[in-house]
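Asks: Below is the file query-v6.cif, which contains mmCIF, C-alpha atoms.
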```cif
data_data
#
loop_
_atom_site.label_atom_id
_atom_site.label_comp_id
_atom_site.auth_asym_id
_atom_site.auth_seq_id
_atom_site.Cartn_x
_atom_site.Cartn_y
_atom_site.Cartn_z
CA MET K 23 29.28 200.36 128.06
CA LEU K 24 29.97 199.89 131.67
CA ALA K 25 28.15 196.57 131.53
CA LYS K 26 30.49 195.13 128.83
CA ILE K 27 33.56 196.07 130.90
CA ALA K 28 32.15 194.39 133.97
CA LEU K 29 31.36 191.22 132.00
CA GLY K 30 34.89 190.93 130.63
CA LEU K 31 36.42 191.39 134.06
CA ALA K 32 34.30 188.59 135.46
CA VAL K 33 35.39 186.11 132.78
CA CYS K 34 39.09 186.81 133.44
CA LEU K 35 38.68 186.25 137.15
CA LEU K 36 36.95 182.95 136.46
CA LEU K 37 39.84 181.62 134.31
CA LEU K 38 42.49 182.55 136.86
CA GLY K 39 40.62 180.70 139.56
CA CYS K 40 40.72 177.42 137.60
CA ARG K 41 44.60 177.14 137.50
CA GLN K 42 46.46 174.75 140.01
CA PRO K 43 48.96 176.32 142.34
CA PRO K 44 52.62 175.68 141.32
CA SER K 45 54.47 172.73 142.92
CA PRO K 46 57.11 173.58 145.47
CA PRO K 47 60.68 173.41 144.13
CA PRO K 48 62.48 170.03 144.73
CA VAL K 49 64.93 169.80 147.52
CA ALA K 50 68.27 168.03 146.71
CA THR K 51 69.15 165.47 149.40
CA ALA K 52 72.58 163.74 149.32
CA LEU K 53 72.45 159.86 149.38
CA PRO K 54 75.14 157.96 151.33
CA LEU K 55 77.75 156.10 149.19
CA ILE K 56 77.99 152.27 149.43
CA GLU K 57 81.36 151.11 150.75
CA GLY K 58 83.59 149.02 148.43
CA VAL K 59 81.78 149.57 145.09
CA PRO K 60 83.84 151.70 142.78
CA THR K 61 82.24 154.10 140.49
CA VAL K 62 82.96 153.34 136.78
CA ALA K 63 81.73 154.65 133.52
CA ALA K 64 79.01 152.61 131.84
CA PRO K 65 80.39 150.54 128.87
CA SER K 66 79.35 151.23 125.33
CA PRO K 67 76.98 148.40 124.21
CA VAL K 68 78.18 148.60 120.59
CA ALA K 69 81.82 148.19 121.51
CA GLN K 70 81.22 145.17 123.77
CA LEU K 71 78.78 143.02 121.77
CA PRO K 72 80.35 140.69 119.13
CA PRO K 73 79.05 141.09 115.60
CA THR K 74 76.19 138.64 114.94
CA PHE K 75 74.07 137.66 112.01
CA THR K 76 70.68 139.41 112.14
CA PRO K 77 68.00 137.20 110.58
CA ARG K 78 65.22 138.57 108.47
CA PRO K 79 61.90 139.20 110.16
CA ALA K 80 59.76 136.10 109.97
CA ASP K 81 56.91 137.91 108.34
CA MET K 82 59.01 139.32 105.51
CA ALA K 83 57.69 138.05 102.18
CA PRO K 84 60.13 135.80 100.23
CA SER K 85 61.71 137.13 97.08
CA PRO K 86 59.88 136.00 93.93
CA THR K 87 63.28 135.50 92.17
CA PRO K 88 65.05 132.25 93.23
CA GLY K 89 68.60 132.61 94.40
CA PRO K 90 71.55 131.11 92.47
CA THR K 91 72.13 127.32 92.79
CA ARG K 92 75.46 126.41 94.35
CA PRO K 93 77.55 123.76 92.54
CA PRO K 94 78.04 120.50 94.47
CA ALA K 95 81.07 120.50 96.68
CA THR K 96 84.15 118.82 95.14
CA PRO K 97 85.15 115.72 97.14
CA ARG K 98 88.29 116.38 99.06
CA PRO K 99 91.10 113.80 98.91
CA THR K 100 91.33 111.43 101.77
CA ASN K 101 94.21 111.78 104.15
CA THR K 102 94.74 107.97 104.16
CA PRO K 103 97.84 107.12 102.01
CA ILE K 104 97.44 104.54 99.19
CA PRO K 105 99.64 101.47 99.84
CA PHE K 106 101.43 101.42 96.49
CA ASP K 107 103.96 98.92 97.82
CA GLU K 108 101.31 96.35 98.62
CA THR K 109 101.95 93.08 96.78
CA ALA K 110 99.47 92.17 94.04
CA VAL K 111 101.18 89.10 92.55
CA GLU K 112 103.96 86.82 93.73
CA LEU K 113 105.15 83.90 91.59
CA ARG K 114 107.93 81.35 92.09
CA TYR K 115 109.44 79.13 89.36
CA GLN K 116 111.72 76.22 90.32
CA ILE K 117 113.52 73.21 88.81
CA PRO K 118 115.54 71.70 91.68
CA SER K 119 117.72 69.39 89.54
CA LEU K 120 119.03 72.46 87.67
CA GLY K 121 119.38 74.62 90.77
CA LEU K 122 116.85 76.98 89.20
CA ASP K 123 114.90 79.07 91.72
CA ARG K 124 113.46 82.34 90.48
CA ARG K 125 110.55 84.50 91.54
CA LEU K 126 108.80 87.74 90.76
CA GLN K 127 106.88 90.08 93.02
CA GLY K 128 104.60 92.79 91.64
CA ASN K 129 102.83 95.56 93.54
CA ILE K 130 99.80 97.72 92.83
CA ASN K 131 102.12 100.49 91.58
CA SER K 132 102.85 98.30 88.50
CA GLN K 133 106.39 97.51 89.61
CA ILE K 134 107.84 94.01 89.37
CA ILE K 135 110.97 92.82 91.16
CA TYR K 136 112.61 89.75 89.62
CA VAL K 137 114.87 87.72 91.90
CA ASP K 138 117.25 84.83 91.18
CA GLU K 139 117.52 83.08 94.51
CA ALA K 140 120.51 80.98 93.38
CA THR K 141 122.71 83.95 92.46
CA SER K 142 121.07 86.68 94.62
CA LEU K 143 120.56 88.74 91.48
CA ALA K 144 117.56 91.11 91.63
CA PHE K 145 116.15 93.48 89.04
CA GLN K 146 113.22 95.91 89.19
CA ARG K 147 111.07 97.02 86.27
CA ASN K 148 108.44 99.75 86.31
CA ASN K 149 105.27 100.17 84.22
CA GLN K 150 104.50 96.44 84.21
CA ALA K 151 100.72 96.80 84.48
CA SER K 152 99.97 94.61 81.45
CA ILE K 153 102.07 91.71 82.77
CA LEU K 154 100.57 91.95 86.25
CA LEU K 155 97.04 92.07 84.85
CA GLU K 156 97.66 89.04 82.67
CA LEU K 157 99.12 87.07 85.57
CA GLN K 158 96.12 87.91 87.76
CA GLN K 159 93.81 86.64 85.04
CA VAL K 160 95.72 83.48 84.14
CA LEU K 161 96.97 82.14 87.46
CA PRO K 162 93.59 81.52 89.19
CA ASN K 163 92.50 79.39 86.22
CA LEU K 164 95.74 77.40 86.10
CA ASP K 165 95.52 73.68 86.68
CA LEU K 166 98.59 72.65 88.67
CA ALA K 167 98.99 68.90 89.10
CA GLU K 168 100.31 67.23 92.20
CA LEU K 169 104.08 66.85 92.06
CA PRO K 170 105.33 63.28 91.67
CA ASP K 171 107.43 61.91 94.47
CA ASP K 172 111.16 62.61 94.15
CA CYS K 173 110.81 64.43 90.80
CA ASP K 174 113.56 67.02 91.11
CA SER K 175 113.49 67.58 87.35
CA CYS K 176 109.81 68.57 87.31
CA VAL K 177 108.89 72.24 86.91
CA ARG K 178 107.38 73.63 90.08
CA LEU K 179 105.22 76.75 90.20
CA SER K 180 103.64 78.51 93.16
CA TYR K 181 101.79 81.82 93.30
CA GLU K 182 99.90 84.14 95.63
CA LEU K 183 97.38 86.88 94.85
CA PRO K 184 97.07 88.64 98.24
CA LEU K 185 94.48 91.19 97.12
CA ARG K 186 92.17 88.40 95.98
CA GLY K 187 93.06 85.94 98.70
CA GLU K 188 94.02 83.24 96.19
CA SER K 189 97.09 81.01 95.92
CA GLY K 190 98.26 77.76 94.37
CA SER K 191 101.24 75.49 93.88
CA GLY K 192 102.13 72.30 92.06
CA TRP K 193 103.54 70.78 88.88
CA LEU K 194 103.36 73.13 85.90
CA GLN K 195 102.58 71.16 82.73
CA ASP K 196 100.92 73.63 80.38
CA PRO K 197 103.46 74.11 77.52
CA VAL K 198 102.33 77.65 76.69
CA LEU K 199 102.70 78.87 80.26
CA LEU K 200 105.93 76.91 80.68
CA ALA K 201 107.43 78.77 77.72
CA SER K 202 106.00 82.11 78.85
CA VAL K 203 107.30 81.93 82.42
CA GLU K 204 110.74 80.73 81.27
CA ASN K 205 110.99 83.56 78.75
CA LEU K 206 109.79 86.17 81.27
CA MET K 207 112.50 85.15 83.71
CA VAL K 208 115.25 84.94 81.06
CA VAL K 209 114.41 88.34 79.58
CA ASN K 210 114.79 89.99 82.98
CA LEU K 211 117.44 87.84 84.70
CA GLY K 212 119.29 86.22 81.80
CA PRO K 213 119.58 82.50 81.03
CA HIS K 214 119.98 80.07 83.91
CA TRP K 215 123.12 77.95 84.20
CA PRO K 216 123.57 75.24 86.85
CA ALA K 217 126.14 76.15 89.48
CA GLU K 218 128.61 73.51 88.23
CA ALA K 219 128.40 74.55 84.58
CA VAL K 220 131.48 75.85 82.76
CA VAL K 221 129.81 76.55 79.40
CA GLY K 222 126.21 77.07 78.30
CA LEU K 223 124.18 77.80 75.20
CA ARG K 224 120.63 79.12 75.16
CA ARG K 225 118.48 79.71 72.08
CA SER K 226 115.35 81.81 72.28
CA ALA K 227 112.12 80.66 70.64
CA SER K 228 111.90 80.83 66.86
CA VAL K 229 109.38 79.93 64.17
CA TYR K 230 111.00 76.49 64.12
CA GLU K 231 111.65 75.53 67.75
CA PRO K 232 110.77 76.54 71.32
CA ALA K 233 113.48 78.04 73.49
CA HIS K 234 116.04 75.50 74.70
CA THR K 235 119.18 75.44 76.82
CA LEU K 236 122.33 73.34 77.17
CA ALA K 237 124.97 73.43 79.92
CA LEU K 238 128.14 71.40 80.45
CA ALA K 239 130.03 70.75 83.70
CA ALA K 240 133.76 70.12 83.81
CA ASP K 241 133.14 66.52 84.91
CA GLY K 242 131.11 65.77 81.76
CA ARG K 243 127.57 66.19 83.11
CA LEU K 244 125.41 67.67 80.38
CA TRP K 245 122.01 69.29 80.95
CA SER K 246 119.80 69.87 77.92
CA TRP K 247 116.14 70.91 78.12
CA LEU K 248 113.27 72.56 76.26
CA ALA K 249 111.45 75.54 77.77
CA THR K 250 108.17 73.71 77.08
CA ALA K 251 109.19 70.55 78.99
CA ALA K 252 107.30 69.86 82.23
CA ASP K 253 110.09 67.44 83.18
CA VAL K 254 113.58 68.44 81.98
CA GLY K 255 114.97 64.97 82.63
CA PRO K 256 118.26 63.91 84.21
CA ALA K 257 121.72 65.10 83.23
CA GLN K 258 123.60 63.06 80.63
CA THR K 259 127.30 62.22 80.64
CA VAL K 260 129.59 63.17 77.73
CA ASP K 261 133.30 63.56 77.09
CA PRO K 262 134.04 67.18 78.10
CA GLY K 263 137.38 67.01 76.29
CA LEU K 264 135.52 67.20 72.96
CA LEU K 265 135.00 70.85 73.81
CA LEU K 266 137.24 71.91 76.70
CA ASP K 267 140.43 70.36 75.30
CA GLN K 268 140.07 71.72 71.78
CA PRO K 269 142.16 74.57 70.31
CA GLY K 270 140.48 77.89 70.87
CA TRP K 271 139.05 77.07 74.28
CA PRO K 272 138.26 79.24 76.11
CA PRO K 273 137.03 81.49 73.29
CA THR K 274 138.45 84.95 72.70
CA PRO K 275 135.92 86.53 70.31
CA SER K 276 136.61 89.93 68.80
CA ALA K 277 133.09 91.22 69.53
CA ALA K 278 130.30 90.78 72.06
CA GLU K 279 127.61 90.43 69.39
CA TYR K 280 127.38 88.83 65.96
CA LEU K 281 123.96 89.78 64.61
CA VAL K 282 122.89 89.62 60.97
CA PRO K 283 119.51 90.12 59.24
CA CYS K 284 117.93 86.67 59.59
CA PRO K 285 114.14 87.01 60.02
CA GLY K 286 112.34 84.47 62.17
CA VAL K 287 115.39 82.84 63.75
CA ALA K 288 116.45 82.60 67.38
CA VAL K 289 118.77 84.94 69.21
CA GLU K 290 121.39 82.79 70.94
CA THR K 291 123.54 83.30 74.02
CA LEU K 292 126.88 81.56 74.46
CA TRP K 293 128.23 81.71 78.02
CA TRP K 294 131.42 80.30 79.49
CA ARG K 295 133.40 80.47 82.70
CA ILE K 296 136.88 81.96 82.43
CA ASP K 297 137.79 81.27 86.07
CA PRO K 298 135.83 80.72 89.29
CA GLU K 299 135.11 84.44 89.59
CA GLU K 300 134.78 85.56 85.97
CA THR K 301 132.47 84.64 83.10
CA ALA K 302 132.00 85.84 79.53
CA VAL K 303 129.06 85.92 77.14
CA ILE K 304 128.28 86.75 73.50
CA ARG K 305 124.99 87.12 71.63
CA PHE K 306 124.40 86.15 68.01
CA ASN K 307 121.85 84.85 65.54
CA CYS K 308 122.10 82.74 62.39
CA PRO K 309 125.41 81.19 63.54
CA GLU K 310 126.00 79.68 60.09
CA PHE K 311 126.07 83.20 58.64
CA SER K 312 127.47 85.21 61.55
CA LEU K 313 129.99 83.36 63.74
CA PRO K 314 133.73 83.90 63.20
CA LEU K 315 136.16 81.11 62.34
CA SER K 316 137.39 80.67 65.91
CA LEU K 317 133.92 79.99 67.37
CA THR K 318 132.32 77.67 64.84
CA PRO K 319 134.13 74.42 65.80
CA LEU K 320 133.21 74.96 69.45
CA TYR K 321 129.65 75.91 68.61
CA ALA K 322 129.30 72.89 66.32
CA GLN K 323 130.04 70.57 69.25
CA LEU K 324 127.40 72.23 71.41
CA ASP K 325 124.96 71.98 68.53
CA ALA K 326 125.66 68.26 68.22
CA TRP K 327 125.01 67.73 71.94
CA LEU K 328 121.67 69.53 71.58
CA GLU K 329 120.49 67.34 68.74
CA PRO K 330 118.96 64.49 70.84
CA THR K 331 116.80 66.99 72.73
CA LEU K 332 115.67 68.75 69.55
CA ALA K 333 114.97 65.43 67.86
CA THR K 334 111.97 65.00 70.17
CA LEU K 335 110.25 67.89 68.35
CA GLY K 336 109.64 65.84 65.20
CA ASP K 337 110.50 66.43 61.58
CA GLU K 338 109.40 70.05 61.20
CA ARG K 339 112.77 71.48 62.02
CA ARG K 340 114.77 74.37 60.69
CA PRO K 341 116.15 73.53 57.22
CA PRO K 342 119.95 73.22 56.89
CA ALA K 343 121.82 76.39 56.04
CA ARG K 344 123.46 76.89 52.66
CA LEU K 345 126.74 77.67 54.42
CA PRO K 346 127.53 74.87 56.90
CA LEU K 347 128.55 75.75 60.45
CA THR K 348 132.16 74.79 59.83
CA GLY K 349 132.10 76.04 56.26
CA TRP K 350 134.86 78.46 55.22
CA LEU K 351 133.72 79.46 51.75
CA LEU K 352 130.60 79.09 49.62
CA ALA K 353 130.26 80.00 45.93
CA ASP K 354 127.02 79.72 43.91
CA TRP K 355 127.19 80.12 40.13
CA PRO K 356 124.27 81.35 37.97
CA SER K 357 124.13 77.86 36.43
CA GLY K 358 123.25 76.37 39.81
CA ASP K 359 126.65 74.82 40.42
CA ARG K 360 128.00 75.17 43.93
CA LEU K 361 131.38 74.91 45.65
CA ILE K 362 131.87 74.61 49.43
CA LEU K 363 135.22 74.73 51.24
CA TRP K 364 135.37 73.55 54.86
CA GLN K 365 137.78 74.81 57.49
CA ASP K 366 139.64 71.51 57.48
CA GLY K 367 140.32 71.78 53.73
CA ARG K 368 137.53 69.53 52.46
CA LEU K 369 136.09 70.70 49.17
CA GLN K 370 132.68 69.82 47.77
CA ALA K 371 131.26 70.53 44.33
CA ALA K 372 127.64 70.01 43.30
CA ASP K 373 125.65 70.61 40.12
CA THR K 374 121.96 71.10 39.41
CA ALA K 375 121.48 67.39 38.70
CA GLY K 376 122.32 66.64 42.34
CA THR K 377 125.73 65.13 41.62
CA ILE K 378 128.18 65.75 44.46
CA LEU K 379 131.92 65.20 44.44
CA THR K 380 134.37 65.93 47.23
CA ASP K 381 138.07 66.55 47.35
CA THR K 382 140.61 67.91 49.83
CA LEU K 383 142.87 70.93 49.65
CA ALA K 384 145.99 71.39 51.70
CA ILE K 385 145.38 73.91 54.47
CA GLU K 386 148.11 76.14 53.02
CA THR K 387 146.43 76.07 49.60
CA ALA K 388 142.99 76.75 51.08
CA THR K 389 144.33 79.62 53.20
CA GLU K 390 146.03 81.23 50.19
CA LEU K 391 142.85 80.92 48.11
CA VAL K 392 140.69 82.62 50.74
CA SER K 393 143.27 85.33 51.46
CA ASP K 394 143.49 86.28 47.78
CA LEU K 395 139.69 86.54 47.48
CA LEU K 396 139.49 88.76 50.56
CA ALA K 397 142.34 90.96 49.31
CA ALA K 398 140.43 91.49 46.05
CA ASN K 399 137.60 93.17 48.05
CA LEU K 400 134.95 90.99 46.45
CA VAL K 401 132.96 90.60 49.68
CA ALA K 402 131.99 92.77 52.65
CA PRO K 403 130.43 92.23 56.11
CA GLY K 404 126.72 92.58 56.75
CA LEU K 405 125.17 89.68 54.85
CA THR K 406 123.25 92.12 52.68
CA THR K 407 123.41 90.51 49.25
CA PHE K 408 123.08 86.84 50.09
CA LEU K 409 119.72 87.14 51.83
CA ASP K 410 118.27 89.49 49.22
CA GLU K 411 116.83 86.84 46.92
CA THR K 412 114.95 89.50 44.93
CA ALA K 413 118.15 91.14 43.70
CA PRO K 414 119.18 90.15 40.17
CA ALA K 415 121.67 87.30 40.31
CA ALA K 416 121.95 86.57 36.57
CA ASN K 417 125.55 86.31 35.44
CA SER K 418 126.68 86.83 39.06
CA VAL K 419 128.41 84.52 41.50
CA THR K 420 127.21 84.66 45.10
CA LEU K 421 130.23 84.37 47.37
CA LEU K 422 130.38 83.94 51.17
CA ILE K 423 133.61 83.77 53.19
CA ARG K 424 133.83 83.16 56.94
CA THR K 425 136.49 85.35 58.58
CA GLU K 426 137.68 86.11 62.10
CA ASP K 427 135.21 89.01 62.09
CA GLY K 428 132.20 87.02 60.92
CA VAL K 429 130.80 86.16 57.49
CA TYR K 430 131.44 88.42 54.47
CA ASP K 431 129.36 88.15 51.30
CA GLY K 432 128.92 89.67 47.87
CA ARG K 433 127.67 89.15 44.30
CA ILE K 434 130.41 89.27 41.69
CA PRO K 435 130.16 89.16 37.87
CA ALA K 436 130.91 85.65 36.71
CA ASP K 437 133.67 86.88 34.39
CA GLN K 438 135.52 88.66 37.21
CA PRO K 439 139.24 87.67 36.83
CA ASP K 440 139.63 87.30 40.61
CA LEU K 441 137.18 84.36 40.49
CA ALA K 442 139.49 82.34 38.21
CA PRO K 443 140.84 80.07 41.00
CA LEU K 444 137.29 79.10 42.00
CA ASN K 445 136.27 78.48 38.40
CA THR K 446 139.30 76.21 38.02
CA LEU K 447 138.45 74.20 41.14
CA LEU K 448 134.87 73.75 39.99
CA ALA K 449 135.94 72.70 36.49
CA ASP K 450 138.45 70.20 37.88
CA LEU K 451 135.72 68.46 39.86
CA LEU K 452 132.45 68.62 37.94
CA PRO K 453 133.66 67.25 34.55
CA LEU K 454 134.28 63.96 36.33
CA THR K 455 130.59 63.69 37.10
CA GLU K 456 129.71 64.21 33.44
CA ASP K 457 131.74 61.07 32.68
CA GLU K 458 129.82 59.29 35.44
CA ALA K 459 132.95 58.92 37.49
CA PRO K 460 132.28 57.68 41.03
CA THR K 461 132.23 60.09 43.94
CA THR K 462 135.50 59.96 45.79
CA GLU K 463 136.87 61.39 48.96
CA GLU K 464 140.46 62.03 49.87
#
```
Could you show the structure in this file as structure tokens?

Replies:
Amino acid sequence: MLAKIALGLAVCLLLLGCRQPPSPPPVATALPLIEGVPTVAAPSPVAQLPPTFTPRPADMAPSPTPGPTRPPATPRPTNTPIPFDETAVELRYQIPSLGLDRRLQGNINSQIIYVDEATSLAFQRNNQASILLELQQVLPNLDLAELPDDCDSCVRLSYELPLRGESGSGWLQDPVLLASVENLMVVNLGPHWPAEAVVGLRRSASVYEPAHTLALAADGRLWSWLATAADVGPAQTVDPGLLLDQPGWPPTPSAAEYLVPCPGVAVETLWWRIDPEETAVIRFNCPEFSLPLSLTPLYAQLDAWLEPTLATLGDERRPPARLPLTGWLLADWPSGDRLILWQDGRLQAADTAGTILTDTLAIETATELVSDLLAANLVAPGLTTFLDETAPAANSVTLLIRTEDGVYDGRIPADQPDLAPLNTLLADLLPLTEDEAPTTEE
């Protein structure tokens, strides 16, 4: 027993002998402060560092699912402005002997400015892309001849296409382009009249004739030309008194337009100078069936002066109208007989066999006849019945009367009592032809 106690005591002593002695306690020694360095709190690293993108670790395996595909970026508009005012076409049209000098200038914004250099008139039109495109296609292929020496009556054309670096000038002779350029300028600037002109007449193109113009100066110079003429020729000399000294000049029409339904005919412009600072103009078509009494004698003289120019076109001309320019009254019977009364009182009767006989009525008698027919309300304005050839005309008399307001017309039953004076005039003339009496004039 005692031996076990002794053995246990020895083991305990052995374990206590193997422990290290405890270290002496540390001694706190004050360090000297460094002069001039303030003591501050250490900054927070999170507060001071800017937020940054943290990339994935390089060894991270890529995702087996592909990410969404971004649509291509939409092109952003350029900040360079488009020069819409930049000129695309410039064209100049001149006839020196007429004082005609007109031009057009079109830009890439489809605007065209038309300018009359002689009168300083300018006019702008928008949305002219089709015209500009056509000009850009036609002009480079245009064959312009060299201008003859001293040909002031020749049509001159010059053009520039700045965007294509092309230009040209010379004598325009192509009749199609001559007519097209003239019409383009007239539509936008009006007809051209020489500076000395006191009256002018212009007819647009029709199924019968190209456009043509006439102008008269007070000294008798007369210009007359076709829109298709490469050389308009010199001015002629006429007696201006045949027009300017006649009753009714200058005209005083009751309306600015006299338009009736006449398919395929020209629209005409009559222009005249009232005084050095004032002019007047009217528009009309089918003058035989539209013009009032006061204008037809004056118009007839202008028409006569135009005839030599139109004669160069050949025989395929507009057929004569059923109512002459200076006609006052026309009556057509179902039998085919016809009676025409002129403004000077001349009377003409014709039958279906082609026999014609003329007579003369006193102006007072003719005036009373026409006044009675108008008072009976047999005719009305508008030219609606005369041109309607499909309407039934059996047993009806077609009647036209020229008035101060234009031409009135109507279809009247042949037995209408108000037609008795006309029936009497016709009967007084035509029986003479049945007896083979000679045609007479009084």

Asks: Please expand the PyMOL selection byres ((chain K and resi 343) around 10) into the concrete residues it hits in this file, giving the result as a PyMOL selection string.

Replies: chain K and resi 308-311+340-342+344-347

Asks: Just the residues within 12 Å of Pro435 of chain K, please, counting all atoms listed in the file, with nothing from its chain fewer than 4 positions along; format it as a ChimeraX atom specification.

Replies: /K:354-356,400,414-421,439-442

Asks: Taking all atoms listed in the file into account, name the residue in K:Thr407, K:Thr318, K:Ser202, K:Thr250 that is nearest to Trp364 of chain K.

Replies: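 Looking at the shortest contact to Trp364 of chain K, the residue is K:Thr318.
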
Asks: Restricting the calculation to only C-alpha atoms: of K:Pro256, K:Arg433, K:Ala353, K:Ile385, which residue gets closest to Arg368 of chain K?

Replies: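 Looking only at the distances to Arg368 of chain K, the closest residue turns out to be K:Ile385.
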
Asks: Taking all atoms listed in the file into account, name the residue in K:Glu300, K:Glu204, K:Glu390, K:Asp123 that is nearest to Pro216 of chain K.

Replies: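 Counting all atoms listed in the file, the residue closest to Pro216 of chain K is K:Asp123.
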
Asks: List the residues matched by the PyMOL selection byres ((chain K and resi 111) around 10) in the displayed structure as a VMD selection string, ordered by chain and then by residue number.

Replies: chain K and resid 108 to 110 112 to 113 126 to 130 134 154 to 155 157 to 158 161 181 to 186 188 to 189

Asks: Produce a file of the selected residues containing C-alpha atoms, as a short mmCIF file (atom, residue, chain, number, x, y, z; two decimals), in the frame of the given file.

Replies:
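Heads up, here's the output in part27.cif:
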```cif
data_model
loop_
_atom_site.label_atom_id
_atom_site.label_comp_id
_atom_site.auth_asym_id
_atom_site.auth_seq_id
_atom_site.Cartn_x
_atom_site.Cartn_y
_atom_site.Cartn_z
CA GLU K 108 101.31 96.35 98.62
CA THR K 109 101.95 93.08 96.78
CA ALA K 110 99.47 92.17 94.04
CA GLU K 112 103.96 86.82 93.73
CA LEU K 113 105.15 83.90 91.59
CA LEU K 126 108.80 87.74 90.76
CA GLN K 127 106.88 90.08 93.02
CA GLY K 128 104.60 92.79 91.64
CA ASN K 129 102.83 95.56 93.54
CA ILE K 130 99.80 97.72 92.83
CA ILE K 134 107.84 94.01 89.37
CA LEU K 154 100.57 91.95 86.25
CA LEU K 155 97.04 92.07 84.85
CA LEU K 157 99.12 87.07 85.57
CA GLN K 158 96.12 87.91 87.76
CA LEU K 161 96.97 82.14 87.46
CA TYR K 181 101.79 81.82 93.30
CA GLU K 182 99.90 84.14 95.63
CA LEU K 183 97.38 86.88 94.85
CA PRO K 184 97.07 88.64 98.24
CA LEU K 185 94.48 91.19 97.12
CA ARG K 186 92.17 88.40 95.98
CA GLU K 188 94.02 83.24 96.19
CA SER K 189 97.09 81.01 95.92
#
```

Asks: Might you pull out every residue within 9 Å of Ser228 of chain K, with only C-alpha atoms counted and same-chain residues fewer than 6 positions away left off, and present them as a list in words?

Replies: Gly286, Val287, Ala288 and Val289 of chain K

Asks: So which residues touch Ala384 of chain K within 9 Å, counting only C-alpha atoms, skipping near sequence neighbours fewer than 4 positions away, as a list in words?

Replies: Asp366, Gly367, Arg368, Ala388 and Thr389 of chain K

Asks: Which one of K:Tyr280, K:Trp247, K:Phe145, K:Tyr230 sits closest to Asp427 of chain K if you count all atoms listed in the file?

Replies: K:Tyr280

Asks: What would the selection look like, as a list of chain:residue names, if the PyMOL selection byres ((chain K and resi 396) around 12) were run on the coordinates I just shared?

Replies: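 Matching residues under the PyMOL selection byres ((chain K and resi 396) around 12) are K:Leu351, K:Thr389, K:Glu390, K:Leu391, K:Val392, K:Ser393, K:Asp394, K:Leu395, K:Ala397, K:Ala398, K:Asn399, K:Leu400, K:Val401, K:Ala402, K:Pro403, K:Leu421, K:Leu422, K:Ile423, K:Arg424, K:Thr425, K:Glu426, K:Val429, K:Tyr430, K:Asp431, K:Gly432, K:Asp440, K:Leu441.
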
Asks: May I ask which of the residues K:Ala372, K:Ala277, K:Leu244, K:Leu265 is the closest one to Pro319 of chain K, counting only C-alpha atoms?

Replies: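 Using only C-alpha atoms, Pro319 of chain K sits closest to K:Leu265.
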
Asks: Using only C-alpha atoms, can you tell me which of K:Ile296, K:Leu236, K:Ala278, K:Leu248 comes closest to Ala201 of chain K?

Replies: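 With only C-alpha atoms as the atom set, the closest residue is K:Leu248.
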
Asks: Hey, can you check how far atom CA of Ile304 of chain K sits from atom CA of Gly212 of chain K?

Replies: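 The value is 12.2 Å.
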
Asks: Mind filling out segment 346-356 of chain K with N, CA and C atoms and sending it as a tab-separated table (two decimals), in the frame of the given file?

Replies:
```
chain	number	residue	atom	x	y	z
K	346	PRO	N	127.47	75.68	55.68
K	346	PRO	CA	127.53	74.87	56.90
K	346	PRO	C	128.22	75.60	58.04
K	347	LEU	N	127.96	75.12	59.27
K	347	LEU	CA	128.55	75.75	60.45
K	347	LEU	C	130.06	75.85	60.36
K	348	THR	N	130.69	74.77	59.92
K	348	THR	CA	132.16	74.79	59.83
K	348	THR	C	132.61	75.09	58.41
K	349	GLY	N	131.71	75.64	57.61
K	349	GLY	CA	132.10	76.04	56.26
K	349	GLY	C	132.97	77.27	56.28
K	350	TRP	N	133.93	77.32	55.33
K	350	TRP	CA	134.86	78.46	55.22
K	350	TRP	C	134.48	79.33	54.04
K	351	LEU	N	134.03	78.72	52.98
K	351	LEU	CA	133.72	79.46	51.75
K	351	LEU	C	132.58	78.78	51.03
K	352	LEU	N	131.69	79.59	50.45
K	352	LEU	CA	130.60	79.09	49.62
K	352	LEU	C	130.50	79.95	48.37
K	353	ALA	N	130.42	79.29	47.21
K	353	ALA	CA	130.26	80.00	45.93
K	353	ALA	C	129.13	79.35	45.15
K	354	ASP	N	128.15	80.17	44.74
K	354	ASP	CA	127.02	79.72	43.91
K	354	ASP	C	127.10	80.39	42.55
K	355	TRP	N	127.14	79.58	41.49
K	355	TRP	CA	127.19	80.12	40.13
K	355	TRP	C	125.78	80.28	39.57
K	356	PRO	N	125.60	81.18	38.59
K	356	PRO	CA	124.27	81.35	37.97
K	356	PRO	C	123.72	80.05	37.39
```
